[in-house]
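Heads up, the thing below is written out as structure tokens.
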Amino acid sequence: MKLLTIIGARPQFIKASVVSRAIDEQEGFSEIIVHTGQHFDANMSDVFFNQLGIPRPNYQLNIHGGLHGEMTGRMLADIERVMLKEAPDRVLVYGDTNSTLAGALAAAKLHIPIAHIEAGLRSFDMRMPEEINRILTDQVSDVLFCPTTAAVDNLAREGFSDRPVKILNVGDVMQDSALFFAKRAVAPKGLSLPDGFILATLHRAENTNDPARLQAIVNALLVIHETVAPIVLPLHPRTRAAIHKAGLTLDVHVIDPVGYFEMIWLLQHCGLVLTDSGGVQKEAFFFGKSCVTMRDQTEWIELVNIEVNELVGADQDGIITAVGRRFGQLVEDQNNLYGGGQASKCIAKFLRNI
Ligand code: UDP
């Protein structure tokens, strides 16, 4: 079976690294990798490929920047050309980025079956570009690999159970990857801090593109850094630009985006995670840390339900209070919420027998 995999953004490199490895272990597969170029920053792209051992992409489309429509449209046109040339038996797409949607749409129009990894996740907020991408991608996929029971339930509510599609709860590929790479953790160069710092990430458009939200978050980070524990913030280029544009200063330990192995080290050694990322909420849990999430809703609702993750939006006082309350609290995965590291093997086995 000839698979064509679309990747383009940081978390997709991480997910593809474990799934491609599992596919490689099965007989009878060949995989073509198309890198759209959505994340082009050297720290966020090259380092990820090198560290994660993903085979060099067969196609580098180099599409980044521009508004959503332009970016997605250019991807759609280029991906379609690649698909016509390669004639794959199936397309694999991951998550919820513009690359995901462009890959799914191109394949659907060419009648190539699509497997969506991380299907069924919902934030129930249609203002998020990610929500639009994931809903539309699920609609055109015929194999929906869900990471959680909440994701399966979302699809059932939307009527997918009555359609001729396969819905499987395989667990979360990010957990496979966290377990697989945990031993390769390495401290970021030049960072000398005692354990127990707060690891923060900030890049969601709803926070970076809204000056009032950004200001409230920056204020909260400054107070926390002064009064609770030092904050280490690997800063996404988009956030750096937004902070600069808003004339704000962020006097915490700001570092460049780090490679995945450095990120794992930070997760292992921090005392709490403060984030607006999707993946990092789960990684906090995989590495036994409490999480405070600067969003109004989350796709990973099971962590909120078991009270290891708290949603605080961009409310300055809410962020400070939640961090103060949760700092240093360790958490345990008692119910194997994310499948225990078997997701990529399940995916590869299912695809082989399809
Ligand atoms: N990540 C990383 N270096 C960084 C920031 C994040 O390796 O400087 C990793 C993080 O550990 C997680 C993934 O990138 O595995 C999540 O990416 P991001 O927060 O960009 O995306 P989201 O999950 O919100 O889509």
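In the structure tokens, chains take the letters A, B, ... in the order shown, each chain's residues start at 1, and ligands count up from 1 in the order shown.
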
Could you pull out the alpha helix (DSSP H) residues of stretch 155-332 of chain A, going by DSSP on the backbone, and write them as a VMD selection string?
chain A and resid 155 to 157 173 to 181 205 to 208 211 to 227 237 to 245 260 to 269 279 to 286 301 to 305 316 to 326

Neighbouring residues of ligand 1 are defined here as those with any atom at most 9 Å from a ligand atom, counting only C-alpha atoms and all ligand atoms; list them as a ChimeraX atom specification.
/A:9-15,43-44,48,95-97,130,174,177-178,201-204,233-236,255-264,267,275-283

Best match for closeness to A:Asp195 among A:Asp172, A:Trp265, A:Gly247, A:Pro129, counting only C-alpha atoms:
A:Trp265

Could you give me, as a PyMOL selection string, each residue of stretch 60-288 of chain A that DSSP assigns to strand (DSSP E or B) when run on this structure's backbone?
chain A and resi 60+90-94+114-117+143-146+166-169+198-201+231-234+253-255+272-275

Any chance you could export the current selection's N, CA and C atoms as an mmCIF file, in the first residue's frame?
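Resulting contents of selection_1.cif:
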data_model
loop_
_atom_site.group_PDB
_atom_site.id
_atom_site.type_symbol
_atom_site.label_atom_id
_atom_site.label_comp_id
_atom_site.auth_asym_id
_atom_site.auth_seq_id
_atom_site.Cartn_x
_atom_site.Cartn_y
_atom_site.Cartn_z
ATOM 1 N N GLN A 60 9.023 19.042 -0.696
ATOM 2 C CA GLN A 60 9.098 20.240 0.162
ATOM 3 C C GLN A 60 8.339 21.333 -0.563
ATOM 4 N N ARG A 90 -3.730 5.757 -0.219
ATOM 5 C CA ARG A 90 -4.394 6.408 0.926
ATOM 6 C C ARG A 90 -3.562 7.600 1.370
ATOM 7 N N VAL A 91 -4.267 8.604 1.884
ATOM 8 C CA VAL A 91 -3.594 9.802 2.410
ATOM 9 C C VAL A 91 -3.734 9.824 3.929
ATOM 10 N N LEU A 92 -2.648 10.188 4.608
ATOM 11 C CA LEU A 92 -2.657 10.325 6.073
ATOM 12 C C LEU A 92 -2.514 11.795 6.430
ATOM 13 N N VAL A 93 -3.430 12.313 7.235
ATOM 14 C CA VAL A 93 -3.287 13.687 7.707
ATOM 15 C C VAL A 93 -3.397 13.707 9.236
ATOM 16 N N TYR A 94 -2.760 14.704 9.821
ATOM 17 C CA TYR A 94 -2.659 14.792 11.280
ATOM 18 C C TYR A 94 -3.256 16.083 11.795
ATOM 19 N N ILE A 114 -8.951 8.838 2.909
ATOM 20 C CA ILE A 114 -8.186 9.653 3.863
ATOM 21 C C ILE A 114 -8.308 9.071 5.262
ATOM 22 N N ALA A 115 -7.170 8.917 5.942
ATOM 23 C CA ALA A 115 -7.194 8.590 7.367
ATOM 24 C C ALA A 115 -6.774 9.834 8.136
ATOM 25 N N HIS A 116 -7.619 10.223 9.084
ATOM 26 C CA HIS A 116 -7.326 11.401 9.907
ATOM 27 C C HIS A 116 -6.871 10.946 11.290
ATOM 28 N N ILE A 117 -5.635 11.302 11.630
ATOM 29 C CA ILE A 117 -5.086 10.969 12.951
ATOM 30 C C ILE A 117 -5.343 12.162 13.870
ATOM 31 N N VAL A 143 -11.414 7.002 7.483
ATOM 32 C CA VAL A 143 -10.902 6.347 8.683
ATOM 33 C C VAL A 143 -10.578 7.443 9.690
ATOM 34 N N LEU A 144 -11.218 7.340 10.854
ATOM 35 C CA LEU A 144 -11.070 8.388 11.869
ATOM 36 C C LEU A 144 -10.390 7.781 13.089
ATOM 37 N N PHE A 145 -9.091 8.067 13.228
ATOM 38 C CA PHE A 145 -8.329 7.554 14.367
ATOM 39 C C PHE A 145 -8.452 8.555 15.511
ATOM 40 N N CYS A 146 -9.274 8.215 16.517
ATOM 41 C CA CYS A 146 -9.517 9.142 17.633
ATOM 42 C C CYS A 146 -8.511 8.876 18.756
ATOM 43 N N LYS A 166 -14.897 4.307 9.351
ATOM 44 C CA LYS A 166 -14.376 3.567 10.514
ATOM 45 C C LYS A 166 -13.955 4.570 11.575
ATOM 46 N N ILE A 167 -14.452 4.370 12.786
ATOM 47 C CA ILE A 167 -14.063 5.237 13.900
ATOM 48 C C ILE A 167 -13.366 4.357 14.937
ATOM 49 N N LEU A 168 -12.114 4.662 15.240
ATOM 50 C CA LEU A 168 -11.372 3.829 16.190
ATOM 51 C C LEU A 168 -10.721 4.690 17.259
ATOM 52 N N ASN A 169 -10.888 4.299 18.520
ATOM 53 C CA ASN A 169 -10.147 4.975 19.582
ATOM 54 C C ASN A 169 -8.811 4.238 19.741
ATOM 55 N N ILE A 198 8.604 27.457 36.196
ATOM 56 C CA ILE A 198 7.335 27.270 35.481
ATOM 57 C C ILE A 198 7.634 27.276 33.991
ATOM 58 N N LEU A 199 7.164 26.262 33.288
ATOM 59 C CA LEU A 199 7.346 26.208 31.835
ATOM 60 C C LEU A 199 6.109 26.810 31.178
ATOM 61 N N ALA A 200 6.326 27.880 30.399
ATOM 62 C CA ALA A 200 5.185 28.527 29.742
ATOM 63 C C ALA A 200 5.334 28.454 28.229
ATOM 64 N N THR A 201 4.212 28.300 27.524
ATOM 65 C CA THR A 201 4.209 28.482 26.064
ATOM 66 C C THR A 201 2.989 29.323 25.710
ATOM 67 N N ILE A 231 9.785 31.932 35.388
ATOM 68 C CA ILE A 231 9.115 31.383 34.209
ATOM 69 C C ILE A 231 10.116 31.219 33.082
ATOM 70 N N VAL A 232 10.125 30.033 32.463
ATOM 71 C CA VAL A 232 10.905 29.804 31.241
ATOM 72 C C VAL A 232 9.912 29.754 30.088
ATOM 73 N N LEU A 233 10.155 30.585 29.081
ATOM 74 C CA LEU A 233 9.188 30.707 27.975
ATOM 75 C C LEU A 233 9.907 30.555 26.630
ATOM 76 N N PRO A 234 9.846 29.350 26.028
ATOM 77 C CA PRO A 234 10.356 29.230 24.650
ATOM 78 C C PRO A 234 9.364 29.952 23.738
ATOM 79 N N HIS A 253 12.320 34.442 31.706
ATOM 80 C CA HIS A 253 13.394 33.774 30.950
ATOM 81 C C HIS A 253 12.888 33.400 29.559
ATOM 82 N N VAL A 254 12.966 34.346 28.640
ATOM 83 C CA VAL A 254 12.503 34.087 27.274
ATOM 84 C C VAL A 254 13.635 33.413 26.499
ATOM 85 N N ILE A 255 13.339 32.279 25.874
ATOM 86 C CA ILE A 255 14.348 31.602 25.044
ATOM 87 C C ILE A 255 13.744 31.342 23.655
ATOM 88 N N LEU A 272 5.430 23.282 37.073
ATOM 89 C CA LEU A 272 4.064 23.502 36.571
ATOM 90 C C LEU A 272 4.169 23.924 35.114
ATOM 91 N N VAL A 273 3.119 23.632 34.355
ATOM 92 C CA VAL A 273 3.069 24.067 32.959
ATOM 93 C C VAL A 273 1.944 25.093 32.807
ATOM 94 N N LEU A 274 2.281 26.193 32.144
ATOM 95 C CA LEU A 274 1.309 27.258 31.877
ATOM 96 C C LEU A 274 1.304 27.462 30.367
ATOM 97 N N THR A 275 0.187 27.198 29.708
ATOM 98 C CA THR A 275 0.250 27.106 28.241
ATOM 99 C C THR A 275 -1.065 27.489 27.573
#

As a list in words, please: the residues near stretch 205-219 of chain A (cut-off 6 Å, only C-alpha atoms, same-chain neighbours under 3 positions excluded).
Leu222, Thr239, Ala242, Ala314 and Gln316 of chain A

Restricting the output to C-alpha atoms, write the selected residues as a short mmCIF file (atom, residue, chain, number, x, y, z; two decimals), in the first residue's frame.
data_model
loop_
_atom_site.label_atom_id
_atom_site.label_comp_id
_atom_site.auth_asym_id
_atom_site.auth_seq_id
_atom_site.Cartn_x
_atom_site.Cartn_y
_atom_site.Cartn_z
CA LEU A 222 5.37 39.12 35.11
CA THR A 239 4.19 35.72 19.73
CA ALA A 242 2.91 40.33 18.53
CA ALA A 314 -6.80 35.29 29.49
CA GLN A 316 -5.00 38.08 34.60
#

Distance atom CA of A:Glu158-atom CA of A:Lys345, one decimal place?
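For atom CA of A:Glu158 relative to atom CA of A:Lys345, the distance reads 27.4 Å.
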